[in-house]
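Report on the following structure.
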Amino acid sequence: MSASVCVLGSSSRGNATAITFDNSGRFILVDAGLTPRRVRAALVEAGASAHFHTLRAIFLTHLDRDHWSLSWAKQLQRAPVPVILRRAHAAQAIEMGVPPACLRPIDGPFRLGETAEVRPIAVPHDTIGSTAFRFDCDHAHIGHATDLGHVTDELLEAFAGLDMLSIESNYDEALQRRSPRPAFLKDRIMGGRGHLSNEQSVEAARLLTAGGTIRHLVLLHLSQECNRPEIVRDLFCERLPAMAASLVITRPMQPTALLQVRRREAAVA
Ligand SMILES: [Zn+2]
């Protein structure tokens, strides 16, 4: 058995990643920044709808509109599933239309049914932060971190020994500085509580891939204005040549292939 992951889309136009920890077809979403209709369409486009047919829970990193599409509020009233987020985000979630009956605020690690252990890690982003998640099941260790202004020691510690790392590589610093964006926005993005630059991302990936267990390195949330997939690919291939074959660069409204995640030891045995 293996866990399976499909990034359905990742950019400021909408973020959502589908993960299943077994072969049951039951899956979680990390972020719901694409509409329910777009999530279904992306799963079909990826040829993954058989692996992901029943939504069991939504994990929210934070409540920005590219991570929580308001169209989910209606959908959840019709077909409720738990919406799991850090307690610091609960009040904002209610304001943003998450049905209170669905809300599951968490304070620390917990077990998701029979299948996975979940560890939330608070990361710096705007005022109340974002949340990175580590998922551990029998056959895979998966880390997901997006919308963070810098990589904290706590995150590096929590993400040790992963099989799959998904991390944002938001902007190229030179393109950001040259962009016509207003100074306050550039400051927000680059000031330590915004997003990770390509340089910050590749450095985090260097530290986290050093153990040799990661077989999928997925780069999330590339800025359409201040980044290019070719720049990201060249940088990561140059700095982390051993990871070149494992690199997946996500596109705005385009799903990745279905990524099977299995522990390296298990594959060898
Ligand atoms: Zn975002």
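Chain labels A, B, ... are given in the sequence in which chains occur in the structure tokens; within each chain residues are numbered consecutively from 1, and ligands are likewise numbered from 1 in the order shown.
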Inset, instruction - Taking only C-alpha atoms and all ligand atoms into account, report as a PyMOL selection string which residues have an atom no farther than 8 Å from an atom of ligand 1. - result: chain A and resi 11-12+14-15+64-67+146-147+221
Contacts of stretch 33-101 of chain A with stretch 105-111 of chain A up to 6 Å, shortest pair per row, only C-alpha atoms, as CSV:
```
residue,atom,partner,partner_atom,distance
A:Ile84,CA,A:Pro105,CA,5.8
A:Leu85,CA,A:Pro105,CA,5.2
A:Arg86,CA,A:Ile106,CA,4.9
A:Arg87,CA,A:Pro105,CA,4.6
```
Find the spatial neighbours of stretch 49-62 of chain A, counting only C-alpha atoms, within a cut-off of 9 Å - ignore same-chain residues fewer than 3 positions away - and output them as a PDB file with N, CA and C atoms, in the first residue's frame.
```pdb
ATOM      1  N   SER A   4      -1.091   8.439  -1.627  1.00  0.00           N
ATOM      2  CA  SER A   4      -1.084   9.102  -2.928  1.00  0.00           C
ATOM      3  C   SER A   4      -1.417  10.571  -2.746  1.00  0.00           C
ATOM      4  N   ALA A  18      -4.815  17.069  -2.790  1.00  0.00           N
ATOM      5  CA  ALA A  18      -5.554  15.882  -2.341  1.00  0.00           C
ATOM      6  C   ALA A  18      -4.558  14.819  -1.879  1.00  0.00           C
ATOM      7  N   ILE A  19      -4.839  14.214  -0.726  1.00  0.00           N
ATOM      8  CA  ILE A  19      -3.967  13.158  -0.191  1.00  0.00           C
ATOM      9  C   ILE A  19      -4.838  12.001   0.274  1.00  0.00           C
ATOM     10  N   THR A  20      -4.452  10.784  -0.102  1.00  0.00           N
ATOM     11  CA  THR A  20      -5.090   9.607   0.471  1.00  0.00           C
ATOM     12  C   THR A  20      -4.014   8.733   1.104  1.00  0.00           C
ATOM     13  N   ASN A  23      -5.866   2.713   0.263  1.00  0.00           N
ATOM     14  CA  ASN A  23      -6.484   2.469  -1.040  1.00  0.00           C
ATOM     15  C   ASN A  23      -8.010   2.562  -0.988  1.00  0.00           C
ATOM     16  N   SER A  24      -8.523   3.245   0.043  1.00  0.00           N
ATOM     17  CA  SER A  24      -9.978   3.246   0.245  1.00  0.00           C
ATOM     18  C   SER A  24     -10.700   4.235  -0.652  1.00  0.00           C
ATOM     19  N   GLY A  25      -9.977   5.158  -1.266  1.00  0.00           N
ATOM     20  CA  GLY A  25     -10.636   6.207  -2.051  1.00  0.00           C
ATOM     21  C   GLY A  25     -11.035   7.408  -1.207  1.00  0.00           C
ATOM     22  N   ARG A  26     -10.914   7.269   0.109  1.00  0.00           N
ATOM     23  CA  ARG A  26     -11.227   8.401   0.994  1.00  0.00           C
ATOM     24  C   ARG A  26      -9.994   9.302   1.059  1.00  0.00           C
ATOM     25  N   PHE A  27     -10.219  10.594   0.920  1.00  0.00           N
ATOM     26  CA  PHE A  27      -9.074  11.501   0.848  1.00  0.00           C
ATOM     27  C   PHE A  27      -9.318  12.764   1.648  1.00  0.00           C
ATOM     28  N   ILE A  28      -8.209  13.450   1.928  1.00  0.00           N
ATOM     29  CA  ILE A  28      -8.297  14.770   2.552  1.00  0.00           C
ATOM     30  C   ILE A  28      -7.862  15.807   1.528  1.00  0.00           C
ATOM     31  N   LEU A  29      -8.296  17.032   1.752  1.00  0.00           N
ATOM     32  CA  LEU A  29      -7.738  18.166   1.020  1.00  0.00           C
ATOM     33  C   LEU A  29      -6.895  18.971   1.993  1.00  0.00           C
ATOM     34  N   VAL A  30      -5.717  19.386   1.560  1.00  0.00           N
ATOM     35  CA  VAL A  30      -4.988  20.420   2.276  1.00  0.00           C
ATOM     36  C   VAL A  30      -5.241  21.701   1.499  1.00  0.00           C
ATOM     37  N   ASP A  31      -6.001  22.565   2.089  1.00  0.00           N
ATOM     38  CA  ASP A  31      -6.503  23.810   1.514  1.00  0.00           C
ATOM     39  C   ASP A  31      -7.626  23.556   0.507  1.00  0.00           C
ATOM     40  N   ALA A  32      -8.533  24.503   0.479  1.00  0.00           N
ATOM     41  CA  ALA A  32      -9.712  24.412  -0.384  1.00  0.00           C
ATOM     42  C   ALA A  32      -9.869  25.742  -1.103  1.00  0.00           C
ATOM     43  N   ARG A  40     -13.132  18.658  -8.376  1.00  0.00           N
ATOM     44  CA  ARG A  40     -13.565  17.440  -9.091  1.00  0.00           C
ATOM     45  C   ARG A  40     -12.964  17.390 -10.490  1.00  0.00           C
ATOM     46  N   ALA A  41     -13.015  18.521 -11.195  1.00  0.00           N
ATOM     47  CA  ALA A  41     -12.490  18.560 -12.571  1.00  0.00           C
ATOM     48  C   ALA A  41     -10.989  18.264 -12.589  1.00  0.00           C
ATOM     49  N   ALA A  42     -10.255  18.818 -11.620  1.00  0.00           N
ATOM     50  CA  ALA A  42      -8.804  18.606 -11.587  1.00  0.00           C
ATOM     51  C   ALA A  42      -8.477  17.140 -11.317  1.00  0.00           C
ATOM     52  N   LEU A  43      -9.269  16.492 -10.454  1.00  0.00           N
ATOM     53  CA  LEU A  43      -9.031  15.067 -10.186  1.00  0.00           C
ATOM     54  C   LEU A  43      -9.259  14.232 -11.451  1.00  0.00           C
ATOM     55  N   VAL A  44     -10.260  14.604 -12.225  1.00  0.00           N
ATOM     56  CA  VAL A  44     -10.512  13.907 -13.494  1.00  0.00           C
ATOM     57  C   VAL A  44      -9.350  14.158 -14.462  1.00  0.00           C
ATOM     58  N   GLU A  45      -8.930  15.432 -14.575  1.00  0.00           N
ATOM     59  CA  GLU A  45      -7.805  15.769 -15.467  1.00  0.00           C
ATOM     60  C   GLU A  45      -6.546  14.989 -15.107  1.00  0.00           C
ATOM     61  N   ALA A  46      -6.326  14.794 -13.809  1.00  0.00           N
ATOM     62  CA  ALA A  46      -5.124  14.079 -13.359  1.00  0.00           C
ATOM     63  C   ALA A  46      -5.277  12.567 -13.497  1.00  0.00           C
ATOM     64  N   HIS A  67      -6.743  30.012  -0.371  1.00  0.00           N
ATOM     65  CA  HIS A  67      -6.655  28.740   0.370  1.00  0.00           C
ATOM     66  C   HIS A  67      -8.026  28.273   0.869  1.00  0.00           C
ATOM     67  N   TRP A  68      -8.990  29.176   0.835  1.00  0.00           N
ATOM     68  CA  TRP A  68     -10.361  28.849   1.238  1.00  0.00           C
ATOM     69  C   TRP A  68     -11.298  29.568   0.282  1.00  0.00           C
ATOM     70  N   PRO A  80     -21.477  17.864   4.889  1.00  0.00           N
ATOM     71  CA  PRO A  80     -20.474  18.281   5.875  1.00  0.00           C
ATOM     72  C   PRO A  80     -19.308  17.304   6.018  1.00  0.00           C
ATOM     73  N   VAL A  81     -18.112  17.852   6.111  1.00  0.00           N
ATOM     74  CA  VAL A  81     -16.932  17.078   6.529  1.00  0.00           C
ATOM     75  C   VAL A  81     -16.180  17.964   7.520  1.00  0.00           C
ATOM     76  N   PRO A  82     -15.359  17.365   8.381  1.00  0.00           N
ATOM     77  CA  PRO A  82     -14.588  18.184   9.321  1.00  0.00           C
ATOM     78  C   PRO A  82     -13.640  19.145   8.607  1.00  0.00           C
ATOM     79  N   VAL A  83     -13.578  20.366   9.104  1.00  0.00           N
ATOM     80  CA  VAL A  83     -12.602  21.355   8.624  1.00  0.00           C
ATOM     81  C   VAL A  83     -11.614  21.567   9.773  1.00  0.00           C
ATOM     82  N   ILE A  84     -10.379  21.138   9.539  1.00  0.00           N
ATOM     83  CA  ILE A  84      -9.384  21.059  10.604  1.00  0.00           C
ATOM     84  C   ILE A  84      -8.385  22.199  10.454  1.00  0.00           C
ATOM     85  N   LEU A  85      -8.233  22.974  11.508  1.00  0.00           N
ATOM     86  CA  LEU A  85      -7.283  24.096  11.475  1.00  0.00           C
ATOM     87  C   LEU A  85      -6.801  24.397  12.881  1.00  0.00           C
ATOM     88  N   ARG A  86      -5.719  25.171  12.977  1.00  0.00           N
ATOM     89  CA  ARG A  86      -5.239  25.548  14.299  1.00  0.00           C
ATOM     90  C   ARG A  86      -6.258  26.465  14.970  1.00  0.00           C
ATOM     91  N   HIS A  89      -6.956  30.069  14.164  1.00  0.00           N
ATOM     92  CA  HIS A  89      -7.658  30.440  12.939  1.00  0.00           C
ATOM     93  C   HIS A  89      -9.175  30.250  13.038  1.00  0.00           C
ATOM     94  N   ALA A  93     -12.218  31.623  10.607  1.00  0.00           N
ATOM     95  CA  ALA A  93     -12.885  30.602   9.791  1.00  0.00           C
ATOM     96  C   ALA A  93     -14.404  30.777   9.844  1.00  0.00           C
ATOM     97  N   ILE A 128      -1.702  36.315  11.800  1.00  0.00           N
ATOM     98  CA  ILE A 128      -1.930  35.137  12.650  1.00  0.00           C
ATOM     99  C   ILE A 128      -1.269  33.868  12.128  1.00  0.00           C
ATOM    100  N   GLY A 129      -0.469  34.004  11.101  1.00  0.00           N
ATOM    101  CA  GLY A 129       0.339  32.864  10.684  1.00  0.00           C
ATOM    102  C   GLY A 129      -0.396  31.877   9.795  1.00  0.00           C
ATOM    103  N   SER A 130       0.365  30.941   9.292  1.00  0.00           N
ATOM    104  CA  SER A 130      -0.162  29.850   8.484  1.00  0.00           C
ATOM    105  C   SER A 130       0.197  28.557   9.230  1.00  0.00           C
ATOM    106  N   THR A 131      -0.194  27.426   8.683  1.00  0.00           N
ATOM    107  CA  THR A 131       0.078  26.148   9.340  1.00  0.00           C
ATOM    108  C   THR A 131       0.714  25.194   8.339  1.00  0.00           C
ATOM    109  N   ALA A 132       1.854  24.638   8.725  1.00  0.00           N
ATOM    110  CA  ALA A 132       2.407  23.530   7.948  1.00  0.00           C
ATOM    111  C   ALA A 132       1.870  22.244   8.575  1.00  0.00           C
ATOM    112  N   PHE A 133       1.779  21.183   7.782  1.00  0.00           N
ATOM    113  CA  PHE A 133       1.288  19.910   8.324  1.00  0.00           C
ATOM    114  C   PHE A 133       2.274  18.803   8.002  1.00  0.00           C
ATOM    115  N   ALA A 145       4.159  22.564   3.386  1.00  0.00           N
ATOM    116  CA  ALA A 145       4.360  23.901   3.966  1.00  0.00           C
ATOM    117  C   ALA A 145       4.211  24.954   2.885  1.00  0.00           C
ATOM    118  N   THR A 146       3.235  25.838   3.058  1.00  0.00           N
ATOM    119  CA  THR A 146       3.075  26.926   2.102  1.00  0.00           C
ATOM    120  C   THR A 146       2.702  28.200   2.831  1.00  0.00           C
ATOM    121  N   ASP A 147       2.983  29.334   2.210  1.00  0.00           N
ATOM    122  CA  ASP A 147       2.675  30.641   2.781  1.00  0.00           C
ATOM    123  C   ASP A 147       3.391  30.835   4.117  1.00  0.00           C
TER     124      ASP A 147
END
```
Legend entry - Closest of A:Ile121, A:Leu258, A:Cys102, A:Val39 to A:Ser10 - atom-to-atom distances counting only C-alpha atoms: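 Of A:Ile121, A:Leu258, A:Cys102, A:Val39, the one nearest A:Ser10 is A:Val39, counting only C-alpha atoms.
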Inset, instruction - Would you please work out which residue, of A:Ser166, A:Gln200, A:Thr213, A:Gln77, is nearest to A:Val248 when using only C-alpha atoms? - result: A:Ser166
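For the set A:Leu103, A:Leu220, A:Cys6, A:Leu155, the residue with the smallest atom-to-atom gap to A:Ala90 is A:Leu103, counting only C-alpha atoms.
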Inset, instruction - Could you give me, as a VMD selection string, the residues within 10 Å of A:Gly192, counting only C-alpha atoms and dropping anything in the same chain fewer than 3 positions from it? - result: chain A and resid 124 to 126 148 to 151 187 to 189 195 to 196
Inset, instruction - Pull the strand (DSSP E or B) assignments for stretch 116-239 of chain A out of DSSP run on the backbone, and list those residues as a VMD selection string. - result: chain A and resid 116 to 123 130 to 137 140 to 145 164 to 168 171 197 216 to 220
May I have the selected residues written with N, CA and C atoms, as a tab-separated table (two decimals), in the first residue's frame?
```tsv
chain	number	residue	atom	x	y	z
A	116	ALA	N	-3.73	7.95	9.91
A	116	ALA	CA	-2.57	8.85	9.90
A	116	ALA	C	-2.47	9.65	11.19
A	117	GLU	N	-1.21	9.96	11.53
A	117	GLU	CA	-0.94	10.93	12.60
A	117	GLU	C	-0.72	12.27	11.92
A	118	VAL	N	-1.24	13.32	12.54
A	118	VAL	CA	-1.11	14.65	11.95
A	118	VAL	C	-0.43	15.55	12.96
A	119	ARG	N	0.57	16.29	12.50
A	119	ARG	CA	1.21	17.28	13.36
A	119	ARG	C	1.13	18.66	12.70
A	120	PRO	N	0.43	19.61	13.33
A	120	PRO	CA	0.40	20.97	12.79
A	120	PRO	C	1.59	21.76	13.31
A	121	ILE	N	2.17	22.58	12.46
A	121	ILE	CA	3.29	23.42	12.87
A	121	ILE	C	2.94	24.87	12.48
A	122	ALA	N	2.90	25.76	13.46
A	122	ALA	CA	2.62	27.17	13.16
A	122	ALA	C	3.81	27.77	12.43
A	123	VAL	N	3.54	28.47	11.34
A	123	VAL	CA	4.63	29.12	10.58
A	123	VAL	C	4.26	30.59	10.37
A	130	SER	N	0.37	30.94	9.29
A	130	SER	CA	-0.16	29.85	8.48
A	130	SER	C	0.20	28.56	9.23
A	131	THR	N	-0.19	27.43	8.68
A	131	THR	CA	0.08	26.15	9.34
A	131	THR	C	0.71	25.19	8.34
A	132	ALA	N	1.85	24.64	8.72
A	132	ALA	CA	2.41	23.53	7.95
A	132	ALA	C	1.87	22.24	8.57
A	133	PHE	N	1.78	21.18	7.78
A	133	PHE	CA	1.29	19.91	8.32
A	133	PHE	C	2.27	18.80	8.00
A	134	ARG	N	2.46	17.93	8.98
A	134	ARG	CA	3.17	16.67	8.74
A	134	ARG	C	2.17	15.54	8.92
A	135	PHE	N	2.11	14.64	7.92
A	135	PHE	CA	1.23	13.49	7.98
A	135	PHE	C	2.09	12.22	8.00
A	136	ASP	N	1.85	11.38	8.99
A	136	ASP	CA	2.57	10.11	9.07
A	136	ASP	C	1.57	8.97	9.01
A	137	CYS	N	1.71	8.08	8.03
A	137	CYS	CA	0.91	6.86	8.04
A	137	CYS	C	1.89	5.69	7.97
A	140	ALA	N	4.09	6.11	4.70
A	140	ALA	CA	4.62	7.36	4.15
A	140	ALA	C	4.65	8.48	5.18
A	141	HIS	N	5.62	9.35	5.00
A	141	HIS	CA	5.74	10.57	5.82
A	141	HIS	C	5.73	11.76	4.87
A	142	ILE	N	4.74	12.60	5.04
A	142	ILE	CA	4.50	13.68	4.07
A	142	ILE	C	4.50	15.02	4.80
A	143	GLY	N	5.24	16.00	4.25
A	143	GLY	CA	5.22	17.34	4.83
A	143	GLY	C	4.71	18.35	3.82
A	144	HIS	N	3.90	19.29	4.28
A	144	HIS	CA	3.29	20.29	3.38
A	144	HIS	C	3.44	21.66	4.03
A	145	ALA	N	4.16	22.56	3.39
A	145	ALA	CA	4.36	23.90	3.97
A	145	ALA	C	4.21	24.95	2.88
A	164	MET	N	8.12	12.67	1.33
A	164	MET	CA	7.68	13.66	0.36
A	164	MET	C	7.64	15.02	1.03
A	165	LEU	N	8.26	15.98	0.38
A	165	LEU	CA	8.24	17.36	0.88
A	165	LEU	C	7.56	18.24	-0.17
A	166	SER	N	6.48	18.91	0.25
A	166	SER	CA	5.87	19.94	-0.59
A	166	SER	C	6.12	21.27	0.11
A	167	ILE	N	6.77	22.18	-0.57
A	167	ILE	CA	7.12	23.46	0.04
A	167	ILE	C	7.01	24.56	-1.00
A	168	GLU	N	6.61	25.74	-0.55
A	168	GLU	CA	6.46	26.81	-1.54
A	168	GLU	C	7.82	27.36	-1.98
A	171	TYR	N	8.87	33.24	-4.97
A	171	TYR	CA	9.31	34.32	-5.86
A	171	TYR	C	10.82	34.32	-6.07
A	197	SER	N	11.18	32.93	-0.74
A	197	SER	CA	11.82	33.12	-2.03
A	197	SER	C	12.36	31.77	-2.52
A	216	HIS	N	9.98	12.62	-3.40
A	216	HIS	CA	9.20	13.61	-4.16
A	216	HIS	C	9.43	14.98	-3.53
A	217	LEU	N	9.96	15.90	-4.30
A	217	LEU	CA	10.14	17.28	-3.84
A	217	LEU	C	9.22	18.15	-4.69
A	218	VAL	N	8.17	18.63	-4.06
A	218	VAL	CA	7.11	19.33	-4.80
A	218	VAL	C	7.16	20.81	-4.44
A	219	LEU	N	7.26	21.65	-5.46
A	219	LEU	CA	7.39	23.09	-5.21
A	219	LEU	C	6.06	23.78	-5.50
A	220	LEU	N	5.57	24.47	-4.47
A	220	LEU	CA	4.21	25.04	-4.48
A	220	LEU	C	4.24	26.55	-4.69
```
Inset, instruction - Could you check which of A:Glu95, A:Asp138, A:Leu235, A:Arg78 is closest to A:Val261, using only C-alpha atoms? - result: A:Asp138
Inset, instruction - For A:Gln260, please output as a VMD selection string all residues within 8 Å (counting only C-alpha atoms; exclusion window: fewer than 4 positions along the same chain). - result: chain A and resid 2 to 5
Legend entry - Selected residue, from A:Leu156, A:Ala205, A:Ala183, A:Leu63, that lies nearest to A:Leu247 when counting only C-alpha atoms: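 Among the listed residues, the smallest separation from A:Leu247 belongs to A:Ala205.
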Inset, instruction - as an NGL selection string, list the residues of stretch 153-222 of chain A assigned to helix (DSSP H, G or I) by DSSP on the backbone atoms of this structure. - result: :A and (153-158 or 173-178 or 183-190 or 198-209)
Same residues, C-alpha atoms, output as a CSV table (one decimal), in the first residue's frame:
```
chain,number,residue,atom,x,y,z
A,153,ASP,CA,13.8,25.6,13.4
A,154,GLU,CA,10.6,24.1,14.6
A,155,LEU,CA,9.6,23.3,11.0
A,156,LEU,CA,13.0,21.8,10.1
A,157,GLU,CA,12.8,19.6,13.2
A,158,ALA,CA,9.2,18.6,12.5
A,173,GLU,CA,14.1,38.0,-5.5
A,174,ALA,CA,15.3,40.0,-8.6
A,175,LEU,CA,11.9,39.7,-10.3
A,176,GLN,CA,10.2,40.7,-7.1
A,177,ARG,CA,12.4,43.8,-6.7
A,178,ARG,CA,12.0,44.8,-10.3
A,183,ALA,CA,6.7,48.9,-1.9
A,184,PHE,CA,4.4,48.0,0.9
A,185,LEU,CA,3.4,44.7,-0.9
A,186,LYS,CA,7.1,43.9,-1.6
A,187,ASP,CA,7.9,44.5,2.0
A,188,ARG,CA,5.0,42.3,3.1
A,189,ILE,CA,6.1,39.4,0.9
A,190,MET,CA,9.9,39.6,1.6
A,198,ASN,CA,13.4,30.5,-4.3
A,199,GLU,CA,16.6,30.9,-2.4
A,200,GLN,CA,14.9,30.3,1.0
A,201,SER,CA,13.1,27.4,-0.4
A,202,VAL,CA,16.1,25.7,-2.0
A,203,GLU,CA,18.0,26.1,1.3
A,204,ALA,CA,15.2,24.5,3.3
A,205,ALA,CA,15.1,21.7,0.7
A,206,ARG,CA,18.8,21.2,1.0
A,207,LEU,CA,18.6,20.7,4.7
A,208,LEU,CA,15.5,18.5,4.5
A,209,THR,CA,16.7,16.3,1.7
```
